[in-house]
$ cat model.csv   # CSV, C-alpha atoms and all ligand atoms
chain,number,residue,atom,x,y,z
A,1262,MET,CA,-36.7,3.3,-11.5
A,1263,THR,CA,-35.9,6.3,-9.4
A,1264,GLN,CA,-37.6,4.7,-6.3
A,1265,LEU,CA,-35.6,1.5,-6.9
A,1266,LEU,CA,-32.3,3.5,-7.0
A,1267,THR,CA,-33.2,5.4,-3.8
A,1268,LYS,CA,-33.9,2.0,-2.1
A,1269,ILE,CA,-30.6,0.5,-3.3
A,1270,ASN,CA,-28.9,3.7,-2.1
A,1271,ARG,CA,-30.5,3.3,1.4
A,1272,VAL,CA,-29.5,-0.4,1.6
A,1273,GLU,CA,-25.9,0.5,0.6
A,1274,HIS,CA,-25.7,3.2,3.3
A,1275,TYR,CA,-27.1,0.7,5.9
A,1276,LEU,CA,-24.6,-2.0,4.9
A,1277,LEU,CA,-21.7,0.6,5.0
A,1278,ARG,CA,-22.8,1.7,8.5
A,1279,LEU,CA,-22.8,-2.0,9.6
A,1280,THR,CA,-19.4,-2.8,8.2
A,1281,ARG,CA,-17.7,0.5,9.0
A,1282,ILE,CA,-14.5,0.4,11.1
A,1283,ASP,CA,-14.1,3.7,13.0
A,1284,THR,CA,-10.7,3.5,14.5
A,1285,LEU,CA,-7.2,2.3,13.5
A,1286,SER,CA,-7.0,0.2,16.7
A,1287,GLU,CA,-10.2,-1.6,15.7
A,1288,LEU,CA,-8.8,-2.2,12.2
A,1289,ILE,CA,-5.6,-3.7,13.7
A,1290,HIS,CA,-7.7,-5.9,16.0
A,1291,ARG,CA,-9.8,-7.1,13.1
A,1292,VAL,CA,-6.6,-7.7,11.0
A,1293,TYR,CA,-5.1,-9.9,13.8
A,1294,ALA,CA,-8.3,-11.9,13.8
A,1295,ALA,CA,-8.2,-12.3,10.0
A,1296,PHE,CA,-4.7,-13.9,10.3
A,1297,GLU,CA,-5.5,-16.0,13.4
A,1298,GLY,CA,-5.1,-19.7,12.8
A,1299,ARG,CA,-4.6,-19.4,9.1
A,1300,SER,CA,-1.6,-20.4,7.0
A,1301,SER,CA,-2.7,-18.4,3.9
A,1302,VAL,CA,-3.9,-14.9,3.5
A,1303,ASP,CA,-7.6,-14.2,2.8
A,1304,VAL,CA,-7.0,-11.4,0.3
A,1305,ALA,CA,-10.6,-10.4,-0.2
A,1306,HIS,CA,-11.3,-10.2,3.5
A,1307,VAL,CA,-8.2,-8.2,4.4
A,1308,LYS,CA,-8.9,-5.9,1.5
A,1309,PHE,CA,-12.5,-5.5,2.8
A,1310,LEU,CA,-11.3,-4.7,6.3
A,1311,MET,CA,-8.9,-2.0,4.9
A,1312,GLU,CA,-11.7,-0.6,2.9
A,1313,SER,CA,-14.1,-0.5,5.9
A,1314,TYR,CA,-11.8,1.7,8.0
A,1315,VAL,CA,-12.7,5.3,7.6
A,1316,SER,CA,-9.5,7.4,7.9
A,1317,ASN,CA,-9.3,9.7,10.9
A,1318,ALA,CA,-6.0,11.6,11.4
A,1319,ASP,CA,-6.4,11.6,15.2
A,1320,ASP,CA,-5.8,7.8,15.0
A,1321,TRP,CA,-2.6,7.9,13.0
A,1322,LYS,CA,-1.0,11.3,13.2
A,1323,ARG,CA,1.6,10.2,15.8
A,1324,TYR,CA,3.0,7.9,13.2
A,1325,ALA,CA,2.9,10.4,10.4
A,1326,GLN,CA,6.5,11.7,10.2
A,1327,PHE,CA,7.7,13.4,7.0
A,1328,ASP,CA,11.2,13.9,5.7
A,1329,GLU,CA,12.0,16.6,3.1
A,1330,ASN,CA,14.3,14.2,1.1
A,1331,ARG,CA,12.2,11.1,0.5
A,1332,TYR,CA,9.1,9.3,1.5
A,1333,THR,CA,9.2,7.8,5.0
A,1334,ARG,CA,8.2,4.3,6.2
A,1335,ASN,CA,6.9,4.3,9.8
A,1336,LEU,CA,6.2,1.0,11.5
A,1337,VAL,CA,2.8,0.8,13.3
A,1338,ASP,CA,2.5,-2.9,14.1
A,1339,GLU,CA,4.5,-6.1,13.6
A,1340,GLY,CA,1.5,-8.4,13.5
A,1341,ASP,CA,3.1,-11.3,15.5
A,1342,GLY,CA,5.5,-11.8,12.6
A,1343,LYS,CA,2.6,-12.7,10.2
A,1344,PHE,CA,2.2,-9.2,8.7
A,1345,ASN,CA,3.3,-5.7,9.3
A,1346,LEU,CA,1.5,-2.4,9.1
A,1347,ILE,CA,3.5,0.6,7.9
A,1348,LEU,CA,2.4,4.2,7.6
A,1349,LEU,CA,4.0,5.9,4.6
A,1350,CYS,CA,4.3,9.7,4.3
A,1351,TRP,CA,4.8,11.3,0.9
A,1352,SER,CA,5.5,15.0,0.5
A,1353,GLN,CA,4.6,16.5,-2.9
A,1354,GLY,CA,7.0,15.2,-5.6
A,1355,GLN,CA,8.2,12.2,-3.6
A,1356,ALA,CA,7.9,8.7,-5.1
A,1357,SER,CA,9.1,5.2,-4.7
A,1358,SER,CA,11.3,3.5,-7.3
A,1359,ILE,CA,9.8,0.8,-9.5
A,1360,HIS,CA,9.8,-2.3,-7.3
A,1361,ASP,CA,8.4,-5.7,-6.5
A,1362,HIS,CA,7.1,-7.0,-3.2
A,1363,ALA,CA,9.4,-9.9,-2.4
A,1364,GLN,CA,6.6,-12.4,-3.0
A,1365,ALA,CA,4.4,-10.9,-0.3
A,1366,HIS,CA,0.9,-9.6,-0.4
A,1367,CYS,CA,0.7,-5.8,-0.4
A,1368,PHE,CA,-2.4,-3.9,0.6
A,1369,MET,CA,-2.4,-0.1,0.5
A,1370,LYS,CA,-5.0,2.2,1.9
A,1371,MET,CA,-5.0,6.0,1.4
A,1372,LEU,CA,-5.4,7.9,4.6
A,1373,GLN,CA,-4.8,11.4,3.3
A,1374,GLY,CA,-4.4,13.2,0.0
A,1375,CYS,CA,-3.9,11.4,-3.3
A,1376,LEU,CA,-1.2,9.1,-4.8
A,1377,THR,CA,-0.6,7.9,-8.3
A,1378,GLU,CA,0.2,4.2,-8.7
A,1379,VAL,CA,1.8,3.1,-12.0
A,1380,ARG,CA,2.1,-0.6,-12.7
A,1381,TYR,CA,4.6,-2.3,-15.0
A,1382,GLN,CA,5.1,-5.7,-16.5
A,1383,GLU,CA,8.0,-7.6,-14.8
A,1384,PRO,CA,10.7,-8.1,-17.5
A,1385,ASN,CA,11.1,-11.8,-18.2
A,1386,HIS,CA,14.5,-12.0,-19.7
A,1387,THR,CA,15.3,-15.5,-20.9
A,1388,SER,CA,19.0,-16.4,-20.8
A,1389,ASP,CA,19.6,-15.5,-24.5
A,1390,GLU,CA,18.0,-12.1,-24.0
A,1391,ILE,CA,20.4,-11.0,-21.4
A,1392,GLY,CA,22.1,-7.9,-22.6
A,1393,GLN,CA,19.1,-6.8,-24.7
A,1394,ASP,CA,17.7,-4.4,-22.2
A,1395,ARG,CA,14.4,-2.6,-23.0
A,1396,PRO,CA,12.2,-0.1,-21.2
A,1397,LEU,CA,9.6,-1.6,-18.8
A,1398,SER,CA,6.1,-1.5,-20.3
A,1399,GLU,CA,3.3,0.3,-18.3
A,1400,ILE,CA,0.2,-1.8,-17.5
A,1401,SER,CA,-1.9,0.8,-15.7
A,1402,ARG,CA,-2.0,4.1,-14.0
A,1403,THR,CA,-4.4,4.7,-11.1
A,1404,GLU,CA,-5.2,7.8,-9.0
A,1405,LEU,CA,-5.9,6.8,-5.4
A,1406,ALA,CA,-7.9,9.2,-3.3
A,1407,GLU,CA,-8.6,9.2,0.5
A,1408,ASN,CA,-9.9,5.9,1.7
A,1409,ASP,CA,-9.2,4.0,-1.5
A,1410,VAL,CA,-7.5,0.6,-1.2
A,1411,CYS,CA,-5.4,-1.2,-3.8
A,1412,TYR,CA,-3.7,-4.6,-3.7
A,1413,ILE,CA,-0.7,-6.0,-5.5
A,1414,ASN,CA,1.5,-9.1,-5.5
A,1415,ASP,CA,4.4,-10.0,-7.8
A,1416,SER,CA,2.1,-12.0,-10.1
A,1417,MET,CA,0.3,-8.8,-10.9
A,1418,GLY,CA,3.5,-6.9,-11.8
A,1419,LEU,CA,5.7,-4.2,-10.4
A,1420,HIS,CA,4.7,-0.7,-9.4
A,1421,LYS,CA,5.8,2.7,-8.3
A,1422,VAL,CA,3.9,5.1,-6.2
A,1423,GLY,CA,4.2,8.9,-5.9
A,1424,ASN,CA,2.6,12.1,-4.7
A,1425,SER,CA,2.2,14.3,-7.8
A,1426,GLY,CA,-0.1,16.7,-5.9
A,1427,PRO,CA,-2.2,18.6,-5.3
A,1428,HIS,CA,-2.1,17.6,-1.6
A,1429,PRO,CA,1.3,18.6,-0.1
A,1430,ALA,CA,1.2,15.7,2.4
A,1431,ALA,CA,-0.1,12.3,1.3
A,1432,VAL,CA,-0.3,9.4,3.8
A,1433,SER,CA,-0.9,5.7,3.1
A,1434,LEU,CA,-1.2,2.6,5.3
A,1435,HIS,CA,0.5,-0.5,3.9
A,1436,LEU,CA,0.0,-4.1,5.1
A,1437,TYR,CA,2.5,-6.6,3.9
A,1438,SER,CA,2.3,-10.4,4.5
A,1439,PRO,CA,4.7,-11.9,5.1
A,1440,PRO,CA,6.8,-8.9,6.3
A,1441,PHE,CA,10.0,-8.3,4.3
A,1442,ASN,CA,12.8,-5.8,4.3
A,1443,ILE,CA,14.5,-6.5,1.0
A,1444,CYS,CA,12.9,-6.2,-2.4
A,1445,SER,CA,14.0,-5.7,-6.0
A,1446,SER,CA,14.0,-2.3,-7.7
A,1447,PHE,CA,14.0,-1.9,-11.5
A,1448,ASP,CA,15.4,0.7,-13.9
A,1449,ALA,CA,12.5,2.0,-16.1
A,1450,GLN,CA,14.7,2.3,-19.2
A,1451,THR,CA,16.6,-0.9,-19.1
A,1452,GLY,CA,14.6,-3.2,-16.8
A,1453,VAL,CA,17.8,-4.0,-14.9
A,1454,LYS,CA,17.0,-5.3,-11.5
A,1455,SER,CA,18.8,-4.4,-8.3
A,1456,ARG,CA,18.5,-5.3,-4.6
A,1457,ALA,CA,16.8,-2.6,-2.4
A,1458,ARG,CA,16.9,-2.6,1.3
A,1459,LEU,CA,13.8,-1.1,3.0
A,1460,THR,CA,14.3,0.8,6.2
A,1461,TYR,CA,12.1,2.5,8.8
A,1462,TRP,CA,12.1,6.2,9.6
A,1463,SER,CA,10.2,5.6,12.8
A,1464,LYS,CA,9.0,2.6,14.8
A,1465,PHE,CA,5.8,2.8,17.0
A,1466,GLY,CA,5.9,6.6,16.8
A,1467,HIS,CA,9.5,7.0,17.7
A,1468,LYS,CA,12.2,8.1,15.3
A,1469,VAL,CA,14.8,5.5,14.5
A,1470,VAL,CA,18.2,6.8,15.3
A,1501,LIG,N1,6.2,-0.9,-1.3
A,1501,LIG,C1,6.8,0.4,-1.0
A,1501,LIG,C2,5.9,1.5,-1.0
A,1501,LIG,S1,5.0,1.6,-2.4
A,1501,LIG,O1,5.6,2.4,-3.4
A,1501,LIG,O2,4.0,0.7,-2.6
A,1501,LIG,C3,7.5,0.3,0.4
A,1501,LIG,O3,7.1,-0.5,1.2
A,1501,LIG,O4,8.3,1.1,0.7
A,1502,FE,FE,5.0,-1.0,-3.3
$ encode --input "model.csv" --output "structure tokens" --more "lines below"
Ligand SMILES: N[C@@H](CS(=O)O)C(=O)O
Ligand SMILES: [Fe+2]
Amino acid sequence: MTQLLTKINRVEHYLLRLTRIDTLSELIHRVYAAFEGRSSVDVAHVKFLMESYVSNADDWKRYAQFDENRYTRNLVDEGDGKFNLILLCWSQGQASSIHDHAQAHCFMKMLQGCLTEVRYQEPNHTSDEIGQDRPLSEISRTELAENDVCYINDSMGLHKVGNSGPHPAAVSLHLYSPPFNICSSFDAQTGVKSRARLTYWSKFGHKVV
């Protein structure tokens, strides 16, 4: 039994070495190839590519710009209009509001530190329920550590993400397809939905003025 486990372990290490993506530019190149000539998104493959990249701060530190007031969104690549790649920087205590993803696919890879992702069921008020607001119900709570990847789309619910420590500076890489700059945000207590505009703190390493 022990021998078998050792062998499985060796095979796993070998496969990981074969599939490993060592640089952010190689990841971007592979993601472009994954979208080439397709009208739909191969979710399993894109997730696999994000998982295969081994985070290295030298690749992405030029995009990692923090703000003391809120998490920042830093554009890395516009993916020929098919997807965008955004580096998000979260100081300790910073979090997003509860939101959806405008019917897009959302892949999120941890590059540094840890983030907590909390998922909620989307309220489905029928017309006669309007005015009977109730708190959103939590579906799951996941701690994401360096190199972890998670995936969400609107059929899987809403989420909020935050850095509740212990790392003072968490960084995550998000891939959205198709790109969007407006989504909905939700009040946790009432479920009331409002329109949220998403902005960039920097683009291609340069602060947006
Ligand atoms: N979807 C959010 C970040 S997160 O909380 O997933 C954004 O793009 O700003
Ligand atoms: Fe999100």
$ closest_residue --input "model.csv" --among "A:Ala1294, A:Ile1282, A:Val1410, A:Met1369" --to "ligand FE 1502 (chain A)" --atoms "all atoms listed in the file"
A:Met1369
$ atom_distance --input "model.csv" --atom1 "CA of Asn1385 (chain A)" --atom2 "atom N1 of ligand LIG 1501 (chain A)"
20.7 Å
$ closest_residue --input "model.csv" --among "A:Val1304, A:Leu1397, A:Val1379, A:Leu1336" --to "Lys1421 (chain A)" --atoms "only C-alpha atoms"
A:Val1379
$ residues_near_ligand --input "model.csv" --ligand "ligand FE 1502 (chain A)" --cutoff "8 Å" --atoms "only C-alpha atoms and all ligand atoms" --output "list in words"
Ser1357, His1360, Asp1361, His1362, Cys1367, Ile1413, Leu1419, His1420, Lys1421 and Val1422 of chain A
$ write_last_selection --input "model.csv" --atoms "C-alpha atoms" --output "CSV table (one decimal), keeping the file's coordinate frame"
chain,number,residue,atom,x,y,z
A,1357,SER,CA,9.1,5.2,-4.7
A,1360,HIS,CA,9.8,-2.3,-7.3
A,1361,ASP,CA,8.4,-5.7,-6.5
A,1362,HIS,CA,7.1,-7.0,-3.2
A,1367,CYS,CA,0.7,-5.8,-0.4
A,1413,ILE,CA,-0.7,-6.0,-5.5
A,1419,LEU,CA,5.7,-4.2,-10.4
A,1420,HIS,CA,4.7,-0.7,-9.4
A,1421,LYS,CA,5.8,2.7,-8.3
A,1422,VAL,CA,3.9,5.1,-6.2
$ closest_residue --input "model.csv" --among "A:Glu1312, A:Asp1409, A:Glu1383, A:Glu1404" --to "Ser1446 (chain A)" --atoms "only C-alpha atoms"
A:Glu1383
$ closest_residue --input "model.csv" --among "A:Ala1325, A:Ala1365, A:Ala1318, A:Ile1347" --to "Glu1407 (chain A)" --atoms "only C-alpha atoms"
A:Ala1318
$ residues_near_ligand --input "model.csv" --ligand "ligand LIG 1501 (chain A)" --cutoff "10 Å" --atoms "only C-alpha atoms and all ligand atoms" --output "ChimeraX atom specification"
/A:1332-1335,1346-1351,1356-1363,1367-1369,1376-1379,1411-1413,1419-1423,1433-1437,1440-1444,1457-1461
$ atom_distance --input "model.csv" --atom1 "CA of Gly1426 (chain A)" --atom2 "CA of Lys1468 (chain A)"
26.0 Å
$ atom_distance --input "model.csv" --atom1 "CA of Met1262 (chain A)" --atom2 "CA of Ser1313 (chain A)"
28.8 Å
$ residues_around --input "model.csv" --residues "Gly1354 (chain A)" --least-positions-apart "6" --cutoff "10 Å" --atoms "only C-alpha atoms" --output "PyMOL selection string"
chain A and resi 1330-1332+1423-1427+1429-1430
$ residues_near_point --input "model.csv" --point "(-2.8, 12.0, 1.0)" --cutoff "6 Å" --atoms "all atoms listed in the file" --output "PyMOL selection string"
chain A and resi 1373-1375+1430-1432
